[in-house]
There are 2 protein chains.
Amino acid sequence: MERVSFVNGKFLPHSQCFVHIEDRGFQLADGVYEVILLKNNKLIDIDWHLQRLFRSLAELEIKFEQNKTYLEQIILELFAKNNLTDGSVYLQITRGATNRQQIFPTNISPTITATVSPLKIINQQDLENGLSVQTHQDIRWQRCDIKSTSLLASCWIRQKAVSAGDDDTILIRDGFVTEATFANVFIVDKNGTLITRNADNFILQGITRNRLIELAKNNGIAVLEKKFTVEELLQAREVFLSSTTLLVRPVSKVDRQIIGNGKAGEISKKLSGLYNNFIH
Amino acid sequence: MERVSFVNGKFLPHSQCFVHIEDRGFQLADGVYEVILLKNNKLIDIDWHLQRLFRSLAELEIKFEQNKTYLEQIILELFAKNNLTDGSVYLQITRGATNRQQIFPTNISPTITATVSPLKIINQQDLENGLSVQTHQDIRWQRCDIKSTSLLASCWIRQKAVSAGDDDTILIRDGFVTEATFANVFIVDKNGTLITRNADNFILQGITRNRLIELAKNNGIAVLEKKFTVEELLQAREVFLSSTTLLVRPVSKVDRQIIGNGKAGEISKKLSGLYNNFIH
C-alpha cells in the first residue's frame, strides 16, 4: 500500500503530493519544520515541539492561523492512515506560494506538508560501538535557533563526512563546539559532569536535548549548559549526539582520536536507558 | 492569457506547475539558480550565467546530465511562449525528489523549473535619488559563492531593512563589506577609483559585477577588486549596487548618512549608461 502524506488540508497518496514551483519553501528556503516521534500511539513531547514550531514561525513573521490542536490532529490522523503506532512525522510549514520576491509578501497562505515514516531500529552493537565523527568549521548561518528549512549547509557538511568514511560532523565556531549537522552534542568530563552548549543563536534548542537535561538532573547527574572547546571535546570521557531520530547516540571517535575507552560510555548508556523508559 | 512556466521537460500554464513535497529543493534548500536578462530577444551574458550555474552544481555535487544548449533552448522557448522579447528568466535546478535524507542521495534526477517575467522599468527620478540602505552583520552561511536557494537569511535581512523604511541592506562581516542581500556593492573612492570586493567565498561573483568591471576598465575607470571597510563605504564619493535585475542602482544613504552629494554619482551614471549600451 502506498503511504499517505498530507498537503494543505488533504491526505493524499504520497506520489500525488505536490507544491507549486513558486512556493517560497522551494525557491527561498522560507519555511520551518519539526520532526516528532510517535511511540505506542503517543506523540513524544508534542507540546514542546509545537511550542518551538510557533516560535520559529514568529521569528520569521510567518502568519499562521491554525492552532496547535489542528496540527496535532493532522499528525495523529496521518499516522492512523498509514497504520503506524510507532514512527516519526516530518511536518513543514512554509510562507506559501506567490510571485518570487525577496521581501516577505502579505496576503499569502502558508503551505503545510507532512510525511510519516516507521522508526529505524538501531542495532545494539552499532550503538555500543559508537559513531566516528569529524570536526568542521561551522559555516552555517547565525540563526540556527530557528528550525528553518535552509539546510543546504548542514547537508553539504554531513556529506563531506560521509564521503570521507565518517558518520557525521561536529561543528566548531570560534573554537567552540556548536552542534552536529542535525543533532546536539553532549560531553561527559573527567568529573562525570554532563556538558552541552547553552542554547544561543548558534544551535537549535533540541527537544531531546532538553528532555535529556531534565532526566539527568532528576537522576543525580550533574549538568552544565555552557560553551565548550574542541579540546574539551577531544579530552571528554564520553561524547554523544542527541536528536528526535538519533535519540542518544554515542560517539567513539572524533577526528580519528578515540574518546574514552572507544565504546559507548556509562553515562551515555544510563541516559539512553532513561530516555527509552521515558518514551515507553 | 496565463503565463507559461517550465517544469521537468514540460511547458505548462503557470498555475499547473508543481514539484513533489519531497523535492530536496523544498525540504532542504538543496538547489541552485540563475536569473538571466533577455533584451531584444537576446540573452545577456548567457555563457557566463550558465558557466556559473554549472560551477554551482559541481560544488554541490549535483549530477546534471543536460548541457548548456539544452538550457538555453528551454529559456528561449519559454520567453517565446510568453510573447516576451525583453524580460528576465528565473531558472532553478534542485537535486531532485526522494525520501528525505541528510546526505546526498544517489539515483536521483534533478528537478528543473523556470519562470519568466517582463522587465521592471525603474523610474529615472528614483534612479537619480538613489536607494537608502542600512548595514547589518552578515549572518549568512560562508559559501555565498555558490548561487544556492538557501536564501532565507538574505530575505530575512532585507525584510528587516524594508520594515524599517529602507530599501536594502549592505552586509558586513568582520568589519568588511561583503555584498547587499541580493546584489554586489561598488564604491568610488575620493580618487575616483571604482572598488568592489574581490570574489571570495563570502560573496557571489555577480555576472553584472564582472561585466561592469570590464566596461569600467575599457573606459578609463581605475578598478580595484579588494576588501573594503564600513568606514570606506561611509566615506565613499559614490556607492551603487549591481545585479541582473537592478543593473546599476545608485545608493544615496547608508545608515541615514548621505553619500557624496546625496544623488546618483558621475561614475555610477557613466557605468549605468555603458551597461545600458552594452545590453542594447
# chains A, B, ... in the order shown; residues from 1 in each chain; ligands from 1

$ residues_around --residues "segment 199-207 of chain B" --least-positions-apart "6" --cutoff "12 Å" --atoms "only C-alpha atoms" --output "count of residues only"
60

$ closest_atom_pairs --of "chain B" --to "chain A" --cutoff "9 Å" --atoms "only C-alpha atoms" --output "Markdown table"
| residue | atom | partner | partner_atom | distance |
| --- | --- | --- | --- | --- |
| B:Val7 | CA | A:Ile21 | CA | 8.0 |
| B:His14 | CA | A:Ile21 | CA | 8.7 |
| B:Ser15 | CA | A:His20 | CA | 7.6 |
| B:Gln16 | CA | A:His20 | CA | 7.7 |
| B:Cys17 | CA | A:Ile21 | CA | 5.9 |
| B:Phe18 | CA | A:His20 | CA | 4.3 |
| B:Val19 | CA | A:Phe18 | CA | 5.4 |
| B:His20 | CA | A:Phe18 | CA | 4.4 |
| B:Ile21 | CA | A:Phe18 | CA | 5.1 |
| B:Glu22 | CA | A:Phe18 | CA | 8.5 |
| B:Asp23 | CA | A:Phe26 | CA | 8.2 |
| B:Arg24 | CA | A:Phe26 | CA | 8.4 |
| B:Gly25 | CA | A:Phe26 | CA | 5.3 |
| B:Phe26 | CA | A:Phe26 | CA | 4.0 |
| B:Gln27 | CA | A:Thr149 | CA | 5.9 |
| B:Leu28 | CA | A:Leu151 | CA | 4.9 |
| B:Ala29 | CA | A:Leu152 | CA | 5.4 |
| B:Asp30 | CA | A:Leu152 | CA | 5.3 |
| B:Gly31 | CA | A:Leu152 | CA | 8.2 |
| B:Tyr33 | CA | A:Gln27 | CA | 8.8 |
| B:Leu60 | CA | A:Trp156 | CA | 7.2 |
| B:Gln92 | CA | A:Gln27 | CA | 7.9 |
| B:Gln101 | CA | A:Cys155 | CA | 8.7 |
| B:Gln102 | CA | A:Cys155 | CA | 5.2 |
| B:Ile103 | CA | A:Gln159 | CA | 5.0 |
| B:Phe104 | CA | A:Gln159 | CA | 6.4 |
| B:Thr113 | CA | A:Ile21 | CA | 7.1 |
| B:Ala114 | CA | A:Ile21 | CA | 8.6 |
| B:Thr115 | CA | A:Glu22 | CA | 8.9 |
| B:Asp138 | CA | A:Trp141 | CA | 8.8 |
| B:Ile139 | CA | A:Gln142 | CA | 5.1 |
| B:Arg140 | CA | A:Trp141 | CA | 4.4 |
| B:Trp141 | CA | A:Trp141 | CA | 4.4 |
| B:Gln142 | CA | A:Ile139 | CA | 5.1 |
| B:Arg143 | CA | A:Ile139 | CA | 7.7 |
| B:Ser148 | CA | A:Leu152 | CA | 8.3 |
| B:Thr149 | CA | A:Leu28 | CA | 5.4 |
| B:Ser150 | CA | A:Ser150 | CA | 5.1 |
| B:Leu151 | CA | A:Leu28 | CA | 4.9 |
| B:Leu152 | CA | A:Asp30 | CA | 5.3 |
| B:Ala153 | CA | A:Trp141 | CA | 7.2 |
| B:Ser154 | CA | A:Gln102 | CA | 7.8 |
| B:Cys155 | CA | A:Gln102 | CA | 5.2 |
| B:Trp156 | CA | A:Leu60 | CA | 7.2 |
| B:Ile157 | CA | A:Ile103 | CA | 8.9 |
| B:Arg158 | CA | A:Ile103 | CA | 6.4 |
| B:Gln159 | CA | A:Ile103 | CA | 5.0 |
| B:Lys160 | CA | A:Ile103 | CA | 8.9 |
| B:Val162 | CA | A:Ile103 | CA | 7.7 |
| B:Thr181 | CA | A:Gln102 | CA | 8.9 |
| B:Phe182 | CA | A:Gln102 | CA | 8.3 |

$ select_by_dssp --residues "segment 19-61 of chain A" --states "helix (DSSP H, G or I)" --output "list in words"
Arg24, Gly25, Phe26, Gln27, Leu28, Ile46, Asp47, Trp48, His49, Leu50, Gln51, Arg52, Leu53, Phe54, Arg55, Ser56, Leu57, Ala58 and Glu59 of chain A

$ residues_around --residues "segment 69-80 of chain A" --least-positions-apart "4" --cutoff "7 Å" --atoms "only C-alpha atoms" --output "PDB file with N, CA, C and O atoms, in the first residue's frame"
ATOM      1  N   SER A   5       0.393  10.932   2.535  1.00  0.00           N
ATOM      2  CA  SER A   5       1.013  12.138   3.083  1.00  0.00           C
ATOM      3  C   SER A   5      -0.011  13.261   3.126  1.00  0.00           C
ATOM      4  O   SER A   5      -1.157  13.089   2.675  1.00  0.00           O
ATOM      5  N   LEU A  84       0.409   3.257  11.425  1.00  0.00           N
ATOM      6  CA  LEU A  84       1.628   3.282  12.249  1.00  0.00           C
ATOM      7  C   LEU A  84       1.269   3.644  13.688  1.00  0.00           C
ATOM      8  O   LEU A  84       0.540   4.611  13.924  1.00  0.00           O
ATOM      9  N   THR A  85       1.769   2.873  14.637  1.00  0.00           N
ATOM     10  CA  THR A  85       1.618   3.245  16.051  1.00  0.00           C
ATOM     11  C   THR A  85       2.954   3.700  16.622  1.00  0.00           C
ATOM     12  O   THR A  85       3.025   4.230  17.724  1.00  0.00           O
ATOM     13  N   VAL A 116       5.027  10.729   7.131  1.00  0.00           N
ATOM     14  CA  VAL A 116       5.416   9.891   8.277  1.00  0.00           C
ATOM     15  C   VAL A 116       6.271   8.718   7.801  1.00  0.00           C
ATOM     16  O   VAL A 116       6.196   8.316   6.640  1.00  0.00           O
TER      17      VAL A 116
END

$ residues_around --residues "Val133 of chain B" --least-positions-apart "5" --cutoff "8 Å" --atoms "only C-alpha atoms" --output "ChimeraX atom specification"
/B:161,166-170,251,253-256

$ residues_around --residues "Gly262 of chain A" --least-positions-apart "3" --cutoff "7 Å" --atoms "only C-alpha atoms" --output "ChimeraX atom specification"
/A:252-253,258-259

$ write_last_selection --atoms "N, CA, C and O atoms" --output "short mmCIF file (atom, residue, chain, number, x, y, z; two decimals), in the first residue's frame"
data_model
loop_
_atom_site.label_atom_id
_atom_site.label_comp_id
_atom_site.auth_asym_id
_atom_site.auth_seq_id
_atom_site.Cartn_x
_atom_site.Cartn_y
_atom_site.Cartn_z
N SER A 252 32.37 7.45 19.43
CA SER A 252 33.59 6.84 19.96
C SER A 252 34.87 7.40 19.35
O SER A 252 35.96 7.19 19.88
N LYS A 253 34.73 8.12 18.24
CA LYS A 253 35.92 8.72 17.60
C LYS A 253 35.60 10.12 17.12
O LYS A 253 34.57 10.35 16.49
N ILE A 258 40.38 8.40 19.61
CA ILE A 258 39.41 7.61 20.37
C ILE A 258 38.96 8.37 21.61
O ILE A 258 39.76 8.98 22.31
N ILE A 259 37.66 8.36 21.85
CA ILE A 259 37.06 9.02 23.01
C ILE A 259 36.87 7.97 24.10
O ILE A 259 36.33 6.89 23.84
#

$ select_by_dssp --residues "segment 41-216 of chain A" --states "strand (DSSP E or B)" --output "MDAnalysis selection string"
chainID A and resid 42:43 87:94 97 111:117 131:137 148 168:173 176:180 184:188 194:196

$ write_last_selection --atoms "C-alpha atoms" --output "PDB file, in the first residue's frame"
ATOM      1  CA  LYS A  42       1.615   8.732  21.725  1.00  0.00           C
ATOM      2  CA  LEU A  43       3.399  11.827  20.402  1.00  0.00           C
ATOM      3  CA  GLY A  87       7.176   6.273  13.817  1.00  0.00           C
ATOM      4  CA  SER A  88       8.229   9.821  13.133  1.00  0.00           C
ATOM      5  CA  VAL A  89       6.416  12.649  11.411  1.00  0.00           C
ATOM      6  CA  TYR A  90       8.092  15.359   9.349  1.00  0.00           C
ATOM      7  CA  LEU A  91       5.924  18.492   9.468  1.00  0.00           C
ATOM      8  CA  GLN A  92       6.827  21.510   7.339  1.00  0.00           C
ATOM      9  CA  ILE A  93       5.226  24.947   7.119  1.00  0.00           C
ATOM     10  CA  THR A  94       6.360  27.475   4.514  1.00  0.00           C
ATOM     11  CA  ALA A  97       3.370  30.441  -2.849  1.00  0.00           C
ATOM     12  CA  THR A 111       1.780  25.747   2.896  1.00  0.00           C
ATOM     13  CA  ILE A 112       1.552  22.788   5.286  1.00  0.00           C
ATOM     14  CA  THR A 113       3.002  19.390   4.376  1.00  0.00           C
ATOM     15  CA  ALA A 114       3.615  16.283   6.436  1.00  0.00           C
ATOM     16  CA  THR A 115       5.013  12.807   5.871  1.00  0.00           C
ATOM     17  CA  VAL A 116       5.416   9.891   8.277  1.00  0.00           C
ATOM     18  CA  SER A 117       7.948   7.060   8.411  1.00  0.00           C
ATOM     19  CA  LEU A 131      29.870   6.875  15.769  1.00  0.00           C
ATOM     20  CA  SER A 132      33.022   8.125  14.147  1.00  0.00           C
ATOM     21  CA  VAL A 133      32.755  11.862  13.566  1.00  0.00           C
ATOM     22  CA  GLN A 134      34.991  14.583  12.213  1.00  0.00           C
ATOM     23  CA  THR A 135      35.078  18.262  13.100  1.00  0.00           C
ATOM     24  CA  HIS A 136      34.462  21.068  10.621  1.00  0.00           C
ATOM     25  CA  GLN A 137      34.201  24.824  10.852  1.00  0.00           C
ATOM     26  CA  SER A 148      14.251  26.514   9.224  1.00  0.00           C
ATOM     27  CA  ASP A 168      28.771  12.790  10.955  1.00  0.00           C
ATOM     28  CA  THR A 169      30.422  16.108  11.742  1.00  0.00           C
ATOM     29  CA  ILE A 170      30.696  18.145  14.919  1.00  0.00           C
ATOM     30  CA  LEU A 171      30.724  21.853  14.085  1.00  0.00           C
ATOM     31  CA  ILE A 172      33.134  24.366  15.565  1.00  0.00           C
ATOM     32  CA  ARG A 173      32.632  28.122  15.650  1.00  0.00           C
ATOM     33  CA  PHE A 176      33.783  26.253  20.488  1.00  0.00           C
ATOM     34  CA  VAL A 177      31.561  23.306  19.658  1.00  0.00           C
ATOM     35  CA  THR A 178      28.123  24.342  18.417  1.00  0.00           C
ATOM     36  CA  GLU A 179      26.319  21.105  17.462  1.00  0.00           C
ATOM     37  CA  ALA A 180      26.405  18.269  14.933  1.00  0.00           C
ATOM     38  CA  ASN A 184      23.002  18.423  19.625  1.00  0.00           C
ATOM     39  CA  VAL A 185      26.327  17.412  21.196  1.00  0.00           C
ATOM     40  CA  PHE A 186      26.859  16.347  24.815  1.00  0.00           C
ATOM     41  CA  ILE A 187      30.141  15.519  26.535  1.00  0.00           C
ATOM     42  CA  VAL A 188      30.921  13.994  29.934  1.00  0.00           C
ATOM     43  CA  LEU A 194      27.337  16.245  31.605  1.00  0.00           C
ATOM     44  CA  ILE A 195      28.032  19.337  29.471  1.00  0.00           C
ATOM     45  CA  THR A 196      26.162  20.698  26.465  1.00  0.00           C
TER      46      THR A 196
END

$ atom_distance --atom1 "atom CA of Pro110 of chain B" --atom2 "atom CA of Arg95 of chain B"
4.5 Å

$ atom_distance --atom1 "atom CA of Phe64 of chain A" --atom2 "atom CA of Glu2 of chain B"
28.9 Å

$ decode --residues "segment 40-177 of chain A" --atoms "C-alpha atoms" --output "PDB file, in the first residue's frame"
ATOM      1  CA  ASN A  40       2.828   3.431  21.271  1.00  0.00           C
ATOM      2  CA  ASN A  41       0.468   5.842  19.549  1.00  0.00           C
ATOM      3  CA  LYS A  42       1.615   8.732  21.725  1.00  0.00           C
ATOM      4  CA  LEU A  43       3.399  11.827  20.402  1.00  0.00           C
ATOM      5  CA  ILE A  44       6.560  12.409  22.432  1.00  0.00           C
ATOM      6  CA  ASP A  45       6.940  15.921  23.858  1.00  0.00           C
ATOM      7  CA  ILE A  46       4.424  17.238  21.335  1.00  0.00           C
ATOM      8  CA  ASP A  47       3.809  20.407  23.379  1.00  0.00           C
ATOM      9  CA  TRP A  48       7.500  21.334  23.312  1.00  0.00           C
ATOM     10  CA  HIS A  49       7.736  20.614  19.569  1.00  0.00           C
ATOM     11  CA  LEU A  50       4.718  22.729  18.695  1.00  0.00           C
ATOM     12  CA  GLN A  51       5.857  25.496  21.015  1.00  0.00           C
ATOM     13  CA  ARG A  52       9.203  25.588  19.187  1.00  0.00           C
ATOM     14  CA  LEU A  53       7.445  25.466  15.807  1.00  0.00           C
ATOM     15  CA  PHE A  54       5.327  28.503  16.685  1.00  0.00           C
ATOM     16  CA  ARG A  55       8.436  30.306  17.914  1.00  0.00           C
ATOM     17  CA  SER A  56      10.184  29.594  14.574  1.00  0.00           C
ATOM     18  CA  LEU A  57       7.123  30.880  12.689  1.00  0.00           C
ATOM     19  CA  ALA A  58       7.027  34.019  14.824  1.00  0.00           C
ATOM     20  CA  GLU A  59      10.751  34.725  14.345  1.00  0.00           C
ATOM     21  CA  LEU A  60      10.230  34.599  10.565  1.00  0.00           C
ATOM     22  CA  GLU A  61       6.960  36.571  10.786  1.00  0.00           C
ATOM     23  CA  ILE A  62       5.071  33.775   9.038  1.00  0.00           C
ATOM     24  CA  LYS A  63       1.387  34.418   9.725  1.00  0.00           C
ATOM     25  CA  PHE A  64      -0.049  31.034  10.588  1.00  0.00           C
ATOM     26  CA  GLU A  65      -3.711  31.000  11.575  1.00  0.00           C
ATOM     27  CA  GLN A  66      -4.120  27.380  12.668  1.00  0.00           C
ATOM     28  CA  ASN A  67      -3.573  26.342  16.264  1.00  0.00           C
ATOM     29  CA  LYS A  68      -1.650  23.548  17.931  1.00  0.00           C
ATOM     30  CA  THR A  69      -4.696  21.282  18.233  1.00  0.00           C
ATOM     31  CA  TYR A  70      -5.212  21.421  14.474  1.00  0.00           C
ATOM     32  CA  LEU A  71      -1.628  20.339  13.825  1.00  0.00           C
ATOM     33  CA  GLU A  72      -1.750  17.599  16.442  1.00  0.00           C
ATOM     34  CA  GLN A  73      -4.937  16.223  14.864  1.00  0.00           C
ATOM     35  CA  ILE A  74      -3.390  16.201  11.381  1.00  0.00           C
ATOM     36  CA  ILE A  75      -0.365  14.331  12.678  1.00  0.00           C
ATOM     37  CA  LEU A  76      -2.372  11.693  14.528  1.00  0.00           C
ATOM     38  CA  GLU A  77      -4.693  11.204  11.562  1.00  0.00           C
ATOM     39  CA  LEU A  78      -1.709  10.829   9.238  1.00  0.00           C
ATOM     40  CA  PHE A  79      -0.167   8.122  11.420  1.00  0.00           C
ATOM     41  CA  ALA A  80      -3.538   6.346  11.616  1.00  0.00           C
ATOM     42  CA  LYS A  81      -3.991   6.436   7.824  1.00  0.00           C
ATOM     43  CA  ASN A  82      -0.564   4.841   7.487  1.00  0.00           C
ATOM     44  CA  ASN A  83      -1.320   2.177  10.133  1.00  0.00           C
ATOM     45  CA  LEU A  84       1.628   3.282  12.249  1.00  0.00           C
ATOM     46  CA  THR A  85       1.618   3.245  16.051  1.00  0.00           C
ATOM     47  CA  ASP A  86       5.362   3.970  16.187  1.00  0.00           C
ATOM     48  CA  GLY A  87       7.176   6.273  13.817  1.00  0.00           C
ATOM     49  CA  SER A  88       8.229   9.821  13.133  1.00  0.00           C
ATOM     50  CA  VAL A  89       6.416  12.649  11.411  1.00  0.00           C
ATOM     51  CA  TYR A  90       8.092  15.359   9.349  1.00  0.00           C
ATOM     52  CA  LEU A  91       5.924  18.492   9.468  1.00  0.00           C
ATOM     53  CA  GLN A  92       6.827  21.510   7.339  1.00  0.00           C
ATOM     54  CA  ILE A  93       5.226  24.947   7.119  1.00  0.00           C
ATOM     55  CA  THR A  94       6.360  27.475   4.514  1.00  0.00           C
ATOM     56  CA  ARG A  95       5.282  31.061   3.999  1.00  0.00           C
ATOM     57  CA  GLY A  96       3.312  29.944   0.922  1.00  0.00           C
ATOM     58  CA  ALA A  97       3.370  30.441  -2.849  1.00  0.00           C
ATOM     59  CA  THR A  98       3.418  33.708  -4.779  1.00  0.00           C
ATOM     60  CA  ASN A  99       5.471  35.507  -7.460  1.00  0.00           C
ATOM     61  CA  ARG A 100       9.100  35.268  -6.366  1.00  0.00           C
ATOM     62  CA  GLN A 101      10.145  38.283  -4.325  1.00  0.00           C
ATOM     63  CA  GLN A 102      12.847  38.877  -1.756  1.00  0.00           C
ATOM     64  CA  ILE A 103      10.782  40.630   0.876  1.00  0.00           C
ATOM     65  CA  PHE A 104       8.036  38.867   2.808  1.00  0.00           C
ATOM     66  CA  PRO A 105       4.792  39.111   0.807  1.00  0.00           C
ATOM     67  CA  THR A 106       1.499  39.844   2.527  1.00  0.00           C
ATOM     68  CA  ASN A 107      -1.757  38.131   1.532  1.00  0.00           C
ATOM     69  CA  ILE A 108      -0.207  34.722   1.283  1.00  0.00           C
ATOM     70  CA  SER A 109      -1.385  31.453   2.821  1.00  0.00           C
ATOM     71  CA  PRO A 110       1.183  29.169   4.435  1.00  0.00           C
ATOM     72  CA  THR A 111       1.780  25.747   2.896  1.00  0.00           C
ATOM     73  CA  ILE A 112       1.552  22.788   5.286  1.00  0.00           C
ATOM     74  CA  THR A 113       3.002  19.390   4.376  1.00  0.00           C
ATOM     75  CA  ALA A 114       3.615  16.283   6.436  1.00  0.00           C
ATOM     76  CA  THR A 115       5.013  12.807   5.871  1.00  0.00           C
ATOM     77  CA  VAL A 116       5.416   9.891   8.277  1.00  0.00           C
ATOM     78  CA  SER A 117       7.948   7.060   8.411  1.00  0.00           C
ATOM     79  CA  PRO A 118       8.372   3.929  10.537  1.00  0.00           C
ATOM     80  CA  LEU A 119      11.059   4.110  13.232  1.00  0.00           C
ATOM     81  CA  LYS A 120      14.533   2.971  12.286  1.00  0.00           C
ATOM     82  CA  ILE A 121      15.755   0.488  14.867  1.00  0.00           C
ATOM     83  CA  ILE A 122      19.439   0.920  15.621  1.00  0.00           C
ATOM     84  CA  ASN A 123      21.397  -2.270  16.063  1.00  0.00           C
ATOM     85  CA  GLN A 124      22.606  -2.670  19.685  1.00  0.00           C
ATOM     86  CA  GLN A 125      26.162  -3.388  18.554  1.00  0.00           C
ATOM     87  CA  ASP A 126      26.270  -0.188  16.441  1.00  0.00           C
ATOM     88  CA  LEU A 127      25.074   1.775  19.462  1.00  0.00           C
ATOM     89  CA  GLU A 128      27.786   0.200  21.619  1.00  0.00           C
ATOM     90  CA  ASN A 129      30.495   0.832  19.008  1.00  0.00           C
ATOM     91  CA  GLY A 130      29.603   4.487  18.681  1.00  0.00           C
ATOM     92  CA  LEU A 131      29.870   6.875  15.769  1.00  0.00           C
ATOM     93  CA  SER A 132      33.022   8.125  14.147  1.00  0.00           C
ATOM     94  CA  VAL A 133      32.755  11.862  13.566  1.00  0.00           C
ATOM     95  CA  GLN A 134      34.991  14.583  12.213  1.00  0.00           C
ATOM     96  CA  THR A 135      35.078  18.262  13.100  1.00  0.00           C
ATOM     97  CA  HIS A 136      34.462  21.068  10.621  1.00  0.00           C
ATOM     98  CA  GLN A 137      34.201  24.824  10.852  1.00  0.00           C
ATOM     99  CA  ASP A 138      30.573  25.831  11.425  1.00  0.00           C
ATOM    100  CA  ILE A 139      29.854  27.772   8.213  1.00  0.00           C
ATOM    101  CA  ARG A 140      26.068  27.815   8.628  1.00  0.00           C
ATOM    102  CA  TRP A 141      24.036  30.971   9.134  1.00  0.00           C
ATOM    103  CA  GLN A 142      23.880  32.519  12.581  1.00  0.00           C
ATOM    104  CA  ARG A 143      20.227  31.914  13.449  1.00  0.00           C
ATOM    105  CA  CYS A 144      20.363  28.158  13.968  1.00  0.00           C
ATOM    106  CA  ASP A 145      17.901  28.624  16.853  1.00  0.00           C
ATOM    107  CA  ILE A 146      15.211  28.902  14.151  1.00  0.00           C
ATOM    108  CA  LYS A 147      14.375  25.422  12.851  1.00  0.00           C
ATOM    109  CA  SER A 148      14.251  26.514   9.224  1.00  0.00           C
ATOM    110  CA  THR A 149      14.497  24.508   6.002  1.00  0.00           C
ATOM    111  CA  SER A 150      17.575  26.500   4.982  1.00  0.00           C
ATOM    112  CA  LEU A 151      19.555  23.275   5.440  1.00  0.00           C
ATOM    113  CA  LEU A 152      21.919  23.106   2.494  1.00  0.00           C
ATOM    114  CA  ALA A 153      24.974  23.882   4.623  1.00  0.00           C
ATOM    115  CA  SER A 154      24.141  21.072   7.077  1.00  0.00           C
ATOM    116  CA  CYS A 155      23.602  18.529   4.283  1.00  0.00           C
ATOM    117  CA  TRP A 156      26.758  19.621   2.491  1.00  0.00           C
ATOM    118  CA  ILE A 157      28.928  19.325   5.607  1.00  0.00           C
ATOM    119  CA  ARG A 158      27.422  15.984   6.609  1.00  0.00           C
ATOM    120  CA  GLN A 159      28.006  14.650   3.091  1.00  0.00           C
ATOM    121  CA  LYS A 160      31.695  15.621   3.311  1.00  0.00           C
ATOM    122  CA  ALA A 161      31.992  13.486   6.469  1.00  0.00           C
ATOM    123  CA  VAL A 162      30.217  10.505   4.946  1.00  0.00           C
ATOM    124  CA  SER A 163      32.303  10.729   1.756  1.00  0.00           C
ATOM    125  CA  ALA A 164      35.404  10.592   3.961  1.00  0.00           C
ATOM    126  CA  GLY A 165      34.153   7.442   5.722  1.00  0.00           C
ATOM    127  CA  ASP A 166      32.850   9.099   8.891  1.00  0.00           C
ATOM    128  CA  ASP A 167      29.278   9.139  10.204  1.00  0.00           C
ATOM    129  CA  ASP A 168      28.771  12.790  10.955  1.00  0.00           C
ATOM    130  CA  THR A 169      30.422  16.108  11.742  1.00  0.00           C
ATOM    131  CA  ILE A 170      30.696  18.145  14.919  1.00  0.00           C
ATOM    132  CA  LEU A 171      30.724  21.853  14.085  1.00  0.00           C
ATOM    133  CA  ILE A 172      33.134  24.366  15.565  1.00  0.00           C
ATOM    134  CA  ARG A 173      32.632  28.122  15.650  1.00  0.00           C
ATOM    135  CA  ASP A 174      35.352  30.381  17.065  1.00  0.00           C
ATOM    136  CA  GLY A 175      36.971  27.389  18.746  1.00  0.00           C
ATOM    137  CA  PHE A 176      33.783  26.253  20.488  1.00  0.00           C
ATOM    138  CA  VAL A 177      31.561  23.306  19.658  1.00  0.00           C
TER     139      VAL A 177
END
